[in-house]
Amino acid sequence: MNESDARNELGIGRSILQFRVPIGLILVAVTIFMAYWAARVRIATRFENFFPSNHPNTLLYRKFHTHYGGAQTLALMLRVREGDIFNYSTLQKIEDITRAVNILPGVDHNEIFSLASYRVAFASAVPGAIITRCYMYPKIPQNQQQLDELKQNVFVHRAPVAGLITYDNKGALVTASFNEGALDYKDLFERIQALVHKYSDQNTDIYVAGQPVISGWGYYYLPRITTIFVTSLALMLAILYLSLGHRSSWWAPIVTGSFSALWGLGFVSLMGYNFDPVMLVIPFILTARDLSHGIQWQGRYYDELDRLDDKILACATTTDVMLPPGLLSILADIAGIIFISFGGIPVLKEIGLGGAVWLASSLTMVFVFQPIFMSFLPRPRIRQRWFSSAGQPRVKRMHWLTEWLIRVPVTAGAARATLLAAGGAFIIWGVISGQRAHVGYETPGTPLYRPDAKVNLDTAQIGRFFPTDEGWVVLSTPDYPDPQSGLGPEVLRMSDDLGDYLVSHGDVLAAVPFASVIKPLNSSFHNGYPKFIAIPTGFDQSSFQKTSVGIELGGNLWFMFLGGTAPGEMERFFAHSPHVTSSCIRLLLPDHTYSRLNRLRDDIRRFVAQRIEPDPRLTKVHLQYLGGEAGLFLAANDVLKQLDFMNITFVLLVIYICCAFTFRSLTAGALFIISCVMANFGAFVYMNARGIGLTIDTIPVISLGIGLGVDYGIYTVARIRDEVAGGIGIEDSITTALHTTGAAVFSTFAVMVGGILPWAFSPLLFHNEMSVLLIFLMATNMIAGVLILPAYIAWRRPAFITRCMPLEVSADRAVTAAGD
């Protein structure tokens with residue numbers, strides 16, 4: 001085909017270049033607009049966005065978190081090395097820390113609890129009344145008598161303050177809840193750390209835990225994460241230069257990749273989405289994906305330029321031949337992340353939609369803007385590089401290894417058979433691992449950071465003495481004085497039984513229903529007799545029947561508690577006080593691991609079935625569970641397994657349909673599905689080996705990994721088909737494709753691995769695990785796309801490849817075969 005005929009047969013490439021000036025100006029203008037918004041993107045964290053918005057647990061949390069306490073809770077433990085906390089110096093620190101916590105930004109002033117808090121009090125009987133007094137509010141003991149009195153009060157009321165003082169009296173806890181909303185985690189974390197440094201000394205250690213601290217450490221590490229981000233970009237550019245630097249325009253993919261990133265960031269900013277510091281690895285991966293498509297286009301452009309010796313014609317031809325596999329690859333990339341937005345989790349919706357636009361921009365920037373850009377640049381010159389003549393023996397060894405690998409797919413024998421068999425075995429291993437994938441958190445603390453990170457060490461230390469997680473069971477009942485109200489004896493007894501039942505099963509450390517408050521009040525009301533530490537009931541000795549006296553007594557005790565406590569205290573038990581239609585049973589847990597939360601829910605279900613549903617005295621009582629922080633994590637666990645299965649299913653379906661349509665073959669679609677399963681189910685092999693579960697943090701990265709390397713196989717097979725259509729035999733076509741497109745695939749792989757590798761040295765364990773996972777995924781995808789797929793094509797000679805042969809070549813081969 002001569003050059004004139006080639007120009008006439010050009011399709012979309014010719015159309016783009018024909019109007020390259022207006023199209024280029026429009027794309028540059030849009031990029032400038034997006035750059036303006038990209039500069040305004042926010043790095044922020046909104047905790048509630050990490051959980052499914054329409055899950056019953058999340059709705060329950062959203063409805064009652066202002067009454068029963070939110071998940072944004074800080075736990076600060078002061079612990080002395082010598083002696084106990086009952087001395088003036090330590091008690092003064094507890095009071096000072098409580099006051100310091102009370103002025104932290106965003107704190108809920110009614111949700112601060114410590115021995116020095118006005119919310120922590122005890123009831124005592126005096127002639128004619130029951131009074132409530134605070135332990136250390138408004139001031140600490142001033143003399144030895146007051147100090148002894150405080151110690152005595154703590155010992156007498158040990159159960160109510162067990163969550164604030166350690167059993168060995170060497171530690172005290174200060175807890176605080178923060179208002180849900182736009183918390184400035186960076187500022188809050190810095191203030192908390194300043195508080196820790198101020199009150200720590202040679203005899204006093206202070207430990208902090210809670211969601212604000214977990215989020216705050218992400219901002220603390222942000223400078224180091226930013227350094228890793230910049231290092232990764234620099235390393236990618238260096239490897240790109242080593243791969244394409246023999247041509248003067250090697251840097252063109254950087255321009256298109258940067259423009260795609262500006263489009264993605266601009267969309268994120270326009271939609272009002274935020275970037276969590278921990279998730280900064282995701283925009284980096286998206287940018288690397290954009291860059292990889294540019295590298296593929298640039299590599300093919302050089303091949304066409306050498307063949308046609310015409311810059312404009314090479315740009316148009318490259319666009320025509322690269323657009324179908326490029327479109328298919330980008331659709332696979334988009335499919336890998338878009339479906340996570342359907343799980344109802346706001347942060348995944350933001351990542352899914354933002355990532356889809358980010359990846360889709362590659363289609364415009366690489367296959368429209370890049371040919372326009374290259375058409376205006378001078379013809380790329382081939383230049384000698386300083387290292388090209390260095391290390392000849394090593395170069396020869398690498399050349400020998402490369403040639404051997406290229407020969408494996410096209411050479412029948414043990415090597416090719418072993419390669420295909422290994423691929424089949426890996427599919428089986430990956431599917432089995434996928435069925436055994438863990439969901440949720442498997443260890444206490446947070447897997448975002450390393451086990452020896454300060455936040456996890458502090459959480460473990462606090463967890464030795466106090467529960468670190470909390471859940472709610474909310475009772476919906478009629479209002480008082482209905483016998484089945486929240487103050488009815490049977491309802492109080494049931495809530496007390498539920499607490500005992502859950503504690504006895506081992507997953508709940510303590511349960512705090514209103515019954516735990518009303519029982520000691522009942523004893524105080526009866527002159528402190530121990531036998532009255534029980535649910536108030538009325539009993540008619542003559543008829544041996546229960547009467548309404550118990551209901552009235554419960555109401556009186558409730559009123560005494562309401563009148564003797566601080567404002568807002570009753571709302572911790574009854575959200576709609578003075579109505580008692582909604583009451584809370586608070587469950588204190590040692591952690592929020594997947595197995596514990598599932599067992600807890602199953603225990604509650606069994607209790608409801610065995611204790612509540614058969615009881616005619618509880619027909620109007622309805623339990624809602626599980627609320628609180630534990631309920632949010634349980635909600636996420638419910639969604640993530642289903643979301644991962646749905647995501648993989650839809651991604652594979654999209655890849656199948658698109659590949660079958662592009663290559664006009666159902667066999668081709670099935671072949672790419674098998675390749676995708678073989679390469680990407682290896683993620684589950686790695687995750688099970690490292691003990692990594694499916695969490696809100698890992699799902700986006702795994703989803704990106706699904707489509708991360710499938711384009712390796714798409715570009716390679718498309719090049720094989722193009723070569724076959726040009727009249728070359730299948731074996732020679734595979735060899736040519738591996739020498740050209742395979743080299744570009746390896747360059748892409750090297751660039752992405754070079755960019756991801758520095759994240760393995762991040763202070764965050766999440767970045768370390770995910771970077772190794774992505775490298776593993778890309779390696780398996782490259783092996784599948786560059787070796788296993790060509791090996792299968794050479795072995796089975798599928799029809800979607802052989803039918804592309806020109807008729808004369810097919811006839812010649814038929815004649816040759818007949819002669820043989």
# chains A, B, ... in the order shown; residues from 1 in each chain; ligands from 1

$ residues_around --residues "Ala335 (chain A)" --least-positions-apart "5" --cutoff "9 Å" --atoms "only C-alpha atoms" --output "list in words"
Ile330, Ala356, Asn647, Phe650, Val651, Leu652, Val654, Ile655, Ser703, Leu704, Ile706 and Gly707 of chain A

$ write_last_selection --atoms "C-alpha atoms" --output "mmCIF file, in the first residue's frame"
data_model
loop_
_atom_site.group_PDB
_atom_site.id
_atom_site.type_symbol
_atom_site.label_atom_id
_atom_site.label_comp_id
_atom_site.auth_asym_id
_atom_site.auth_seq_id
_atom_site.Cartn_x
_atom_site.Cartn_y
_atom_site.Cartn_z
ATOM 1 C CA ILE A 330 -9.833 2.056 29.154
ATOM 2 C CA ALA A 356 -13.982 6.674 36.201
ATOM 3 C CA ASN A 647 -17.672 -5.713 41.350
ATOM 4 C CA PHE A 650 -19.646 -6.909 36.513
ATOM 5 C CA VAL A 651 -16.028 -6.182 35.597
ATOM 6 C CA LEU A 652 -15.612 -9.610 34.046
ATOM 7 C CA VAL A 654 -17.910 -5.851 30.806
ATOM 8 C CA ILE A 655 -14.543 -7.228 29.716
ATOM 9 C CA SER A 703 -10.837 -2.855 42.209
ATOM 10 C CA LEU A 704 -8.216 -0.798 40.409
ATOM 11 C CA ILE A 706 -8.758 -5.885 38.450
ATOM 12 C CA GLY A 707 -8.421 -3.783 35.322
#

$ select_by_dssp --residues "region 149-355 of chain A" --states "alpha helix (DSSP H)" --output "ChimeraX atom specification"
/A:149-156,185-199,211-220,222-244,252-270,281-308,311-338,346-355

$ residues_around --residues "region 20-25 of chain A" --least-positions-apart "2" --cutoff "8 Å" --atoms "only C-alpha atoms" --output "ChimeraX atom specification"
/A:16-18,27-29,369,372-373

$ closest_residue --among "A:Pro700, A:Gly563, A:Gly488, A:Gly336" --to "Cys676 (chain A)" --atoms "only C-alpha atoms"
A:Gly336

$ select_by_dssp --residues "region 62-250 of chain A" --states "strand (DSSP E)" --output "short mmCIF file (atom, residue, chain, number, x, y, z; two decimals) with all heavy atoms, in the first residue's frame"
data_model
loop_
_atom_site.label_atom_id
_atom_site.label_comp_id
_atom_site.auth_asym_id
_atom_site.auth_seq_id
_atom_site.Cartn_x
_atom_site.Cartn_y
_atom_site.Cartn_z
N THR A 73 -14.76 9.21 68.92
CA THR A 73 -14.48 9.22 70.36
C THR A 73 -12.99 9.13 70.62
O THR A 73 -12.29 8.30 70.02
CB THR A 73 -15.21 8.06 71.05
OG1 THR A 73 -16.62 8.17 70.82
CG2 THR A 73 -14.94 8.08 72.54
N LEU A 74 -12.52 9.97 71.50
CA LEU A 74 -11.13 9.96 71.93
C LEU A 74 -11.02 9.26 73.28
O LEU A 74 -11.81 9.54 74.20
CB LEU A 74 -10.61 11.40 72.06
CG LEU A 74 -9.26 11.58 72.75
CD1 LEU A 74 -8.13 11.04 71.89
CD2 LEU A 74 -9.01 13.06 73.07
N ALA A 75 -10.09 8.34 73.40
CA ALA A 75 -9.80 7.68 74.67
C ALA A 75 -8.38 8.02 75.07
O ALA A 75 -7.43 7.73 74.32
CB ALA A 75 -9.98 6.17 74.55
N LEU A 76 -8.21 8.64 76.22
CA LEU A 76 -6.89 9.04 76.71
C LEU A 76 -6.68 8.41 78.09
O LEU A 76 -7.45 8.67 79.02
CB LEU A 76 -6.82 10.56 76.78
CG LEU A 76 -5.48 11.20 77.12
CD1 LEU A 76 -5.37 12.58 76.46
CD2 LEU A 76 -5.29 11.34 78.62
N MET A 77 -5.68 7.58 78.19
CA MET A 77 -5.40 6.89 79.45
C MET A 77 -4.12 7.41 80.07
O MET A 77 -3.07 7.43 79.43
CB MET A 77 -5.29 5.37 79.23
CG MET A 77 -5.10 4.59 80.54
SD MET A 77 -5.00 2.80 80.32
CE MET A 77 -3.34 2.63 79.64
N LEU A 78 -4.23 7.84 81.32
CA LEU A 78 -3.07 8.24 82.12
C LEU A 78 -2.72 7.06 83.03
O LEU A 78 -3.60 6.51 83.70
CB LEU A 78 -3.41 9.48 82.94
CG LEU A 78 -2.38 10.00 83.93
CD1 LEU A 78 -2.50 11.52 84.07
CD2 LEU A 78 -2.55 9.37 85.32
N ARG A 79 -1.44 6.68 83.05
CA ARG A 79 -1.02 5.54 83.86
C ARG A 79 0.30 5.87 84.54
O ARG A 79 1.25 6.33 83.90
CB ARG A 79 -0.88 4.30 83.00
CG ARG A 79 -0.57 3.04 83.81
CD ARG A 79 -0.88 1.78 83.02
NE ARG A 79 -0.54 0.59 83.79
CZ ARG A 79 -1.31 0.04 84.73
NH1 ARG A 79 -2.48 0.58 85.02
NH2 ARG A 79 -0.92 -1.04 85.38
N VAL A 80 0.34 5.63 85.85
CA VAL A 80 1.54 5.92 86.64
C VAL A 80 2.39 4.66 86.75
O VAL A 80 1.88 3.54 86.74
CB VAL A 80 1.18 6.46 88.04
CG1 VAL A 80 0.46 7.79 87.93
CG2 VAL A 80 0.35 5.45 88.82
N VAL A 107 -15.22 19.27 70.18
CA VAL A 107 -15.61 18.35 71.23
C VAL A 107 -17.06 18.60 71.65
O VAL A 107 -17.56 19.73 71.62
CB VAL A 107 -14.67 18.49 72.44
CG1 VAL A 107 -14.91 19.80 73.20
CG2 VAL A 107 -14.80 17.30 73.39
N ASP A 108 -17.74 17.53 72.01
CA ASP A 108 -19.09 17.62 72.58
C ASP A 108 -18.93 17.75 74.09
O ASP A 108 -18.55 16.81 74.77
CB ASP A 108 -19.89 16.36 72.23
CG ASP A 108 -21.34 16.44 72.70
OD1 ASP A 108 -21.64 17.30 73.55
OD2 ASP A 108 -22.16 15.63 72.23
N HIS A 109 -19.20 18.93 74.61
CA HIS A 109 -18.90 19.21 76.02
C HIS A 109 -19.71 18.36 76.99
O HIS A 109 -19.30 18.20 78.15
CB HIS A 109 -19.14 20.70 76.31
CG HIS A 109 -18.35 21.62 75.43
ND1 HIS A 109 -16.99 21.77 75.55
CD2 HIS A 109 -18.72 22.41 74.39
CE1 HIS A 109 -16.55 22.63 74.64
NE2 HIS A 109 -17.59 23.02 73.91
N ASN A 110 -20.83 17.83 76.54
CA ASN A 110 -21.63 16.96 77.40
C ASN A 110 -21.23 15.50 77.32
O ASN A 110 -21.84 14.64 77.95
CB ASN A 110 -23.13 17.08 77.04
CG ASN A 110 -23.71 18.42 77.44
OD1 ASN A 110 -23.33 19.00 78.45
ND2 ASN A 110 -24.64 18.91 76.64
N GLU A 111 -20.21 15.20 76.50
CA GLU A 111 -19.80 13.81 76.31
C GLU A 111 -18.35 13.60 76.74
O GLU A 111 -17.61 12.85 76.11
CB GLU A 111 -19.98 13.41 74.84
CG GLU A 111 -21.42 13.33 74.38
CD GLU A 111 -22.18 12.20 75.05
OE1 GLU A 111 -21.56 11.14 75.28
OE2 GLU A 111 -23.37 12.37 75.34
N ILE A 112 -17.93 14.27 77.80
CA ILE A 112 -16.59 14.10 78.36
C ILE A 112 -16.72 13.38 79.69
O ILE A 112 -17.45 13.84 80.59
CB ILE A 112 -15.89 15.45 78.55
CG1 ILE A 112 -15.76 16.16 77.20
CG2 ILE A 112 -14.51 15.27 79.18
CD1 ILE A 112 -15.20 17.56 77.29
N PHE A 113 -16.03 12.27 79.82
CA PHE A 113 -16.16 11.45 81.03
C PHE A 113 -14.78 11.16 81.61
O PHE A 113 -13.87 10.75 80.90
CB PHE A 113 -16.88 10.14 80.70
CG PHE A 113 -18.28 10.33 80.20
CD1 PHE A 113 -18.53 10.39 78.84
CD2 PHE A 113 -19.34 10.48 81.08
CE1 PHE A 113 -19.81 10.58 78.36
CE2 PHE A 113 -20.62 10.68 80.61
CZ PHE A 113 -20.87 10.73 79.26
N ALA A 121 -20.93 10.69 88.47
CA ALA A 121 -21.41 10.94 89.83
C ALA A 121 -21.91 9.65 90.44
O ALA A 121 -22.04 8.62 89.77
CB ALA A 121 -22.51 12.00 89.81
N PHE A 122 -22.20 9.70 91.74
CA PHE A 122 -22.75 8.54 92.45
C PHE A 122 -23.87 9.03 93.35
O PHE A 122 -23.90 10.20 93.77
CB PHE A 122 -21.67 7.83 93.25
CG PHE A 122 -21.06 8.66 94.33
CD1 PHE A 122 -21.52 8.59 95.64
CD2 PHE A 122 -20.00 9.52 94.06
CE1 PHE A 122 -20.95 9.37 96.65
CE2 PHE A 122 -19.42 10.30 95.05
CZ PHE A 122 -19.90 10.22 96.35
N ALA A 123 -24.81 8.14 93.63
CA ALA A 123 -25.96 8.48 94.47
C ALA A 123 -25.76 7.92 95.86
O ALA A 123 -25.22 6.83 96.04
CB ALA A 123 -27.23 7.93 93.85
N SER A 124 -26.20 8.69 96.84
CA SER A 124 -26.15 8.23 98.22
C SER A 124 -27.41 8.70 98.94
O SER A 124 -27.99 9.74 98.60
CB SER A 124 -24.90 8.75 98.94
OG SER A 124 -24.89 10.17 98.92
N ALA A 125 -27.83 7.90 99.93
CA ALA A 125 -29.06 8.22 100.66
C ALA A 125 -28.73 9.03 101.91
O ALA A 125 -27.77 8.75 102.64
CB ALA A 125 -29.77 6.93 101.06
N VAL A 126 -29.51 10.06 102.12
CA VAL A 126 -29.45 10.88 103.35
C VAL A 126 -30.86 10.93 103.90
O VAL A 126 -31.83 10.62 103.18
CB VAL A 126 -28.92 12.30 103.04
CG1 VAL A 126 -27.51 12.23 102.49
CG2 VAL A 126 -29.83 13.02 102.06
N ALA A 129 -33.89 12.00 101.59
CA ALA A 129 -33.57 12.27 100.18
C ALA A 129 -32.45 11.35 99.70
O ALA A 129 -31.77 10.70 100.50
CB ALA A 129 -33.14 13.72 100.01
N ILE A 130 -32.34 11.31 98.39
CA ILE A 130 -31.20 10.66 97.74
C ILE A 130 -30.51 11.75 96.93
O ILE A 130 -31.13 12.40 96.09
CB ILE A 130 -31.65 9.52 96.82
CG1 ILE A 130 -32.26 8.38 97.64
CG2 ILE A 130 -30.48 9.00 95.99
CD1 ILE A 130 -32.75 7.23 96.80
N ILE A 131 -29.23 11.94 97.21
CA ILE A 131 -28.50 13.00 96.52
C ILE A 131 -27.43 12.38 95.62
O ILE A 131 -26.98 11.25 95.85
CB ILE A 131 -27.85 13.97 97.51
CG1 ILE A 131 -26.81 13.25 98.38
CG2 ILE A 131 -28.89 14.66 98.36
CD1 ILE A 131 -26.01 14.19 99.26
N THR A 132 -27.10 13.13 94.60
CA THR A 132 -26.07 12.69 93.65
C THR A 132 -24.90 13.65 93.76
O THR A 132 -25.08 14.87 93.69
CB THR A 132 -26.61 12.67 92.22
OG1 THR A 132 -27.75 11.81 92.17
CG2 THR A 132 -25.58 12.17 91.25
N ARG A 133 -23.71 13.08 93.90
CA ARG A 133 -22.50 13.90 94.03
C ARG A 133 -21.45 13.43 93.03
O ARG A 133 -21.37 12.26 92.71
CB ARG A 133 -21.94 13.81 95.45
CG ARG A 133 -22.83 14.42 96.52
CD ARG A 133 -22.08 14.43 97.85
NE ARG A 133 -21.78 13.08 98.31
CZ ARG A 133 -20.91 12.81 99.28
NH1 ARG A 133 -20.24 13.80 99.86
NH2 ARG A 133 -20.69 11.57 99.66
N CYS A 134 -20.65 14.38 92.58
CA CYS A 134 -19.53 14.05 91.70
C CYS A 134 -18.34 13.59 92.52
O CYS A 134 -18.17 13.96 93.67
CB CYS A 134 -19.15 15.27 90.85
SG CYS A 134 -20.45 15.85 89.76
N GLY A 171 -4.14 3.52 86.75
CA GLY A 171 -4.49 4.21 85.52
C GLY A 171 -5.89 4.80 85.58
O GLY A 171 -6.77 4.30 86.29
N ALA A 172 -6.09 5.89 84.84
CA ALA A 172 -7.40 6.53 84.74
C ALA A 172 -7.64 6.91 83.29
O ALA A 172 -6.71 7.23 82.54
CB ALA A 172 -7.46 7.77 85.63
N LEU A 173 -8.91 6.87 82.90
CA LEU A 173 -9.29 7.11 81.51
C LEU A 173 -10.09 8.40 81.41
O LEU A 173 -10.93 8.69 82.26
CB LEU A 173 -10.12 5.95 80.98
CG LEU A 173 -10.42 5.93 79.49
CD1 LEU A 173 -9.15 5.62 78.70
CD2 LEU A 173 -11.49 4.90 79.17
N VAL A 174 -9.81 9.15 80.34
CA VAL A 174 -10.60 10.32 79.98
C VAL A 174 -11.13 10.06 78.57
O VAL A 174 -10.34 9.79 77.65
CB VAL A 174 -9.77 11.61 80.01
CG1 VAL A 174 -10.63 12.81 79.58
CG2 VAL A 174 -9.17 11.85 81.38
N THR A 175 -12.44 10.10 78.41
CA THR A 175 -13.03 9.89 77.09
C THR A 175 -13.80 11.13 76.67
O THR A 175 -14.34 11.86 77.51
CB THR A 175 -13.97 8.68 77.07
OG1 THR A 175 -15.11 8.94 77.89
CG2 THR A 175 -13.27 7.43 77.55
N ALA A 176 -13.86 11.35 75.37
CA ALA A 176 -14.58 12.51 74.84
C ALA A 176 -15.11 12.16 73.46
O ALA A 176 -14.44 11.47 72.69
CB ALA A 176 -13.68 13.73 74.77
N SER A 177 -16.31 12.64 73.17
CA SER A 177 -16.89 12.47 71.84
C SER A 177 -16.83 13.81 71.10
O SER A 177 -16.90 14.87 71.73
CB SER A 177 -18.34 11.99 71.93
OG SER A 177 -18.40 10.68 72.44
N PHE A 178 -16.74 13.73 69.79
CA PHE A 178 -16.64 14.93 68.98
C PHE A 178 -17.84 15.01 68.04
O PHE A 178 -18.39 14.00 67.61
CB PHE A 178 -15.33 14.93 68.19
CG PHE A 178 -14.12 15.07 69.06
CD1 PHE A 178 -13.58 13.97 69.71
CD2 PHE A 178 -13.54 16.31 69.26
CE1 PHE A 178 -12.47 14.10 70.53
CE2 PHE A 178 -12.42 16.45 70.07
CZ PHE A 178 -11.89 15.35 70.71
N THR A 204 4.69 9.18 84.64
CA THR A 204 3.36 9.20 84.03
C THR A 204 3.45 8.96 82.53
O THR A 204 4.16 9.68 81.83
CB THR A 204 2.66 10.56 84.27
OG1 THR A 204 2.68 10.86 85.67
CG2 THR A 204 1.23 10.52 83.76
N ASP A 205 2.76 7.95 82.07
CA ASP A 205 2.64 7.66 80.64
C ASP A 205 1.21 7.94 80.21
O ASP A 205 0.25 7.65 80.94
CB ASP A 205 2.98 6.20 80.35
CG ASP A 205 4.43 5.86 80.66
OD1 ASP A 205 5.31 6.68 80.30
OD2 ASP A 205 4.68 4.81 81.27
N ILE A 206 1.07 8.49 79.03
CA ILE A 206 -0.25 8.81 78.50
C ILE A 206 -0.40 8.13 77.15
O ILE A 206 0.47 8.24 76.28
CB ILE A 206 -0.45 10.33 78.37
CG1 ILE A 206 -0.39 10.98 79.77
CG2 ILE A 206 -1.78 10.65 77.70
CD1 ILE A 206 -0.55 12.47 79.76
N TYR A 207 -1.51 7.44 76.99
CA TYR A 207 -1.82 6.71 75.77
C TYR A 207 -3.13 7.26 75.19
O TYR A 207 -4.06 7.57 75.94
CB TYR A 207 -1.97 5.22 76.05
CG TYR A 207 -0.81 4.62 76.79
CD1 TYR A 207 -0.81 4.55 78.19
CD2 TYR A 207 0.29 4.12 76.12
CE1 TYR A 207 0.26 3.99 78.89
CE2 TYR A 207 1.37 3.55 76.80
CZ TYR A 207 1.35 3.49 78.18
OH TYR A 207 2.42 2.94 78.86
N VAL A 208 -3.19 7.37 73.87
CA VAL A 208 -4.39 7.90 73.22
C VAL A 208 -4.82 6.95 72.11
O VAL A 208 -3.99 6.34 71.43
CB VAL A 208 -4.17 9.31 72.65
CG1 VAL A 208 -4.02 10.33 73.77
CG2 VAL A 208 -2.96 9.35 71.74
N ALA A 209 -6.12 6.82 71.94
CA ALA A 209 -6.68 5.97 70.90
C ALA A 209 -8.03 6.55 70.48
O ALA A 209 -8.53 7.50 71.09
CB ALA A 209 -6.85 4.53 71.39
N GLY A 210 -8.60 5.99 69.44
CA GLY A 210 -9.89 6.45 68.95
C GLY A 210 -9.80 6.91 67.51
O GLY A 210 -8.72 7.14 66.96
#

$ residues_around --residues "region 549-560 of chain A" --least-positions-apart "2" --cutoff "7 Å" --atoms "only C-alpha atoms" --output "list in words"
Pro481, Pro483, Leu487, Gly488, Pro489, Ile518, Leu521, Asn522, Pro536, Thr537, Gly538, Thr547, Leu562, Gly563 and Gly564 of chain A

$ residues_around --residues "region 740-747 of chain A" --least-positions-apart "5" --cutoff "7 Å" --atoms "only C-alpha atoms" --output "count of residues only"
9

$ closest_residue --among "A:Thr459, A:Thr45, A:Gln144, A:Thr58" --to "Lys186 (chain A)" --atoms "only C-alpha atoms"
A:Thr45

$ residues_around --residues "Ala316 (chain A)" --least-positions-apart "3" --cutoff "8 Å" --atoms "only C-alpha atoms" --output "PDB file with N, CA, C and O atoms, in the first residue's frame"
ATOM      1  N   LEU A  10      -7.476   6.224   5.773  1.00  0.00           N
ATOM      2  CA  LEU A  10      -7.463   6.569   7.188  1.00  0.00           C
ATOM      3  C   LEU A  10      -8.852   6.973   7.647  1.00  0.00           C
ATOM      4  O   LEU A  10      -9.615   7.599   6.915  1.00  0.00           O
ATOM      5  N   ILE A  12     -10.686   7.709  11.661  1.00  0.00           N
ATOM      6  CA  ILE A  12     -10.834   8.731  12.691  1.00  0.00           C
ATOM      7  C   ILE A  12      -9.543   9.507  12.898  1.00  0.00           C
ATOM      8  O   ILE A  12      -9.565  10.694  13.229  1.00  0.00           O
ATOM      9  N   GLY A  13      -8.397   8.868  12.703  1.00  0.00           N
ATOM     10  CA  GLY A  13      -7.127   9.578  12.838  1.00  0.00           C
ATOM     11  C   GLY A  13      -7.025  10.731  11.865  1.00  0.00           C
ATOM     12  O   GLY A  13      -6.581  11.835  12.223  1.00  0.00           O
ATOM     13  N   ARG A  14      -7.421  10.493  10.626  1.00  0.00           N
ATOM     14  CA  ARG A  14      -7.386  11.556   9.630  1.00  0.00           C
ATOM     15  C   ARG A  14      -8.351  12.672  10.009  1.00  0.00           C
ATOM     16  O   ARG A  14      -8.034  13.852   9.850  1.00  0.00           O
ATOM     17  N   ILE A  16      -9.367  13.575  12.982  1.00  0.00           N
ATOM     18  CA  ILE A  16      -8.838  14.346  14.111  1.00  0.00           C
ATOM     19  C   ILE A  16      -7.785  15.328  13.630  1.00  0.00           C
ATOM     20  O   ILE A  16      -7.796  16.511  14.008  1.00  0.00           O
ATOM     21  N   LEU A  17      -6.876  14.862  12.813  1.00  0.00           N
ATOM     22  CA  LEU A  17      -5.792  15.729  12.351  1.00  0.00           C
ATOM     23  C   LEU A  17      -6.274  16.789  11.362  1.00  0.00           C
ATOM     24  O   LEU A  17      -5.672  17.856  11.252  1.00  0.00           O
ATOM     25  N   ILE A 312       2.805  12.972   9.965  1.00  0.00           N
ATOM     26  CA  ILE A 312       1.350  13.121  10.023  1.00  0.00           C
ATOM     27  C   ILE A 312       0.664  11.789   9.770  1.00  0.00           C
ATOM     28  O   ILE A 312      -0.280  11.402  10.477  1.00  0.00           O
ATOM     29  N   LEU A 313       1.141  11.078   8.755  1.00  0.00           N
ATOM     30  CA  LEU A 313       0.553   9.782   8.442  1.00  0.00           C
ATOM     31  C   LEU A 313       0.738   8.802   9.597  1.00  0.00           C
ATOM     32  O   LEU A 313      -0.158   8.008   9.913  1.00  0.00           O
ATOM     33  N   THR A 319      -3.314   6.300  15.623  1.00  0.00           N
ATOM     34  CA  THR A 319      -4.615   6.499  16.263  1.00  0.00           C
ATOM     35  C   THR A 319      -5.617   5.458  15.791  1.00  0.00           C
ATOM     36  O   THR A 319      -6.382   4.897  16.595  1.00  0.00           O
ATOM     37  N   ASP A 320      -5.627   5.179  14.491  1.00  0.00           N
ATOM     38  CA  ASP A 320      -6.581   4.208  13.956  1.00  0.00           C
ATOM     39  C   ASP A 320      -6.358   2.813  14.522  1.00  0.00           C
ATOM     40  O   ASP A 320      -7.310   2.124  14.882  1.00  0.00           O
ATOM     41  N   PRO A 371      -2.028  12.534  19.452  1.00  0.00           N
ATOM     42  CA  PRO A 371      -1.664  12.639  18.032  1.00  0.00           C
ATOM     43  C   PRO A 371      -1.619  14.088  17.544  1.00  0.00           C
ATOM     44  O   PRO A 371      -0.765  14.434  16.712  1.00  0.00           O
TER      45      PRO A 371
END

$ closest_residue --among "A:Phe766, A:Ile337, A:Ile214, A:Leu738" --to "Thr402 (chain A)" --atoms "only C-alpha atoms"
A:Leu738

$ closest_residue --among "A:Ile228, A:Leu244, A:Val278, A:Val368" --to "Cys315 (chain A)" --atoms "only C-alpha atoms"
A:Val368

$ residues_around --residues "Phe776 (chain A)" --least-positions-apart "6" --cutoff "12 Å" --atoms "only C-alpha atoms" --output "list in words"
Ala679, Asn680, Phe681, Gly682, Ala683, Phe684, Val685, Tyr686, Met687, Ile702, Gly705, Ile706, Leu708, Gly709, Phe749, Met752, Val753, Ile756, Leu757, Glu769, Met770, Met782 and Ile783 of chain A
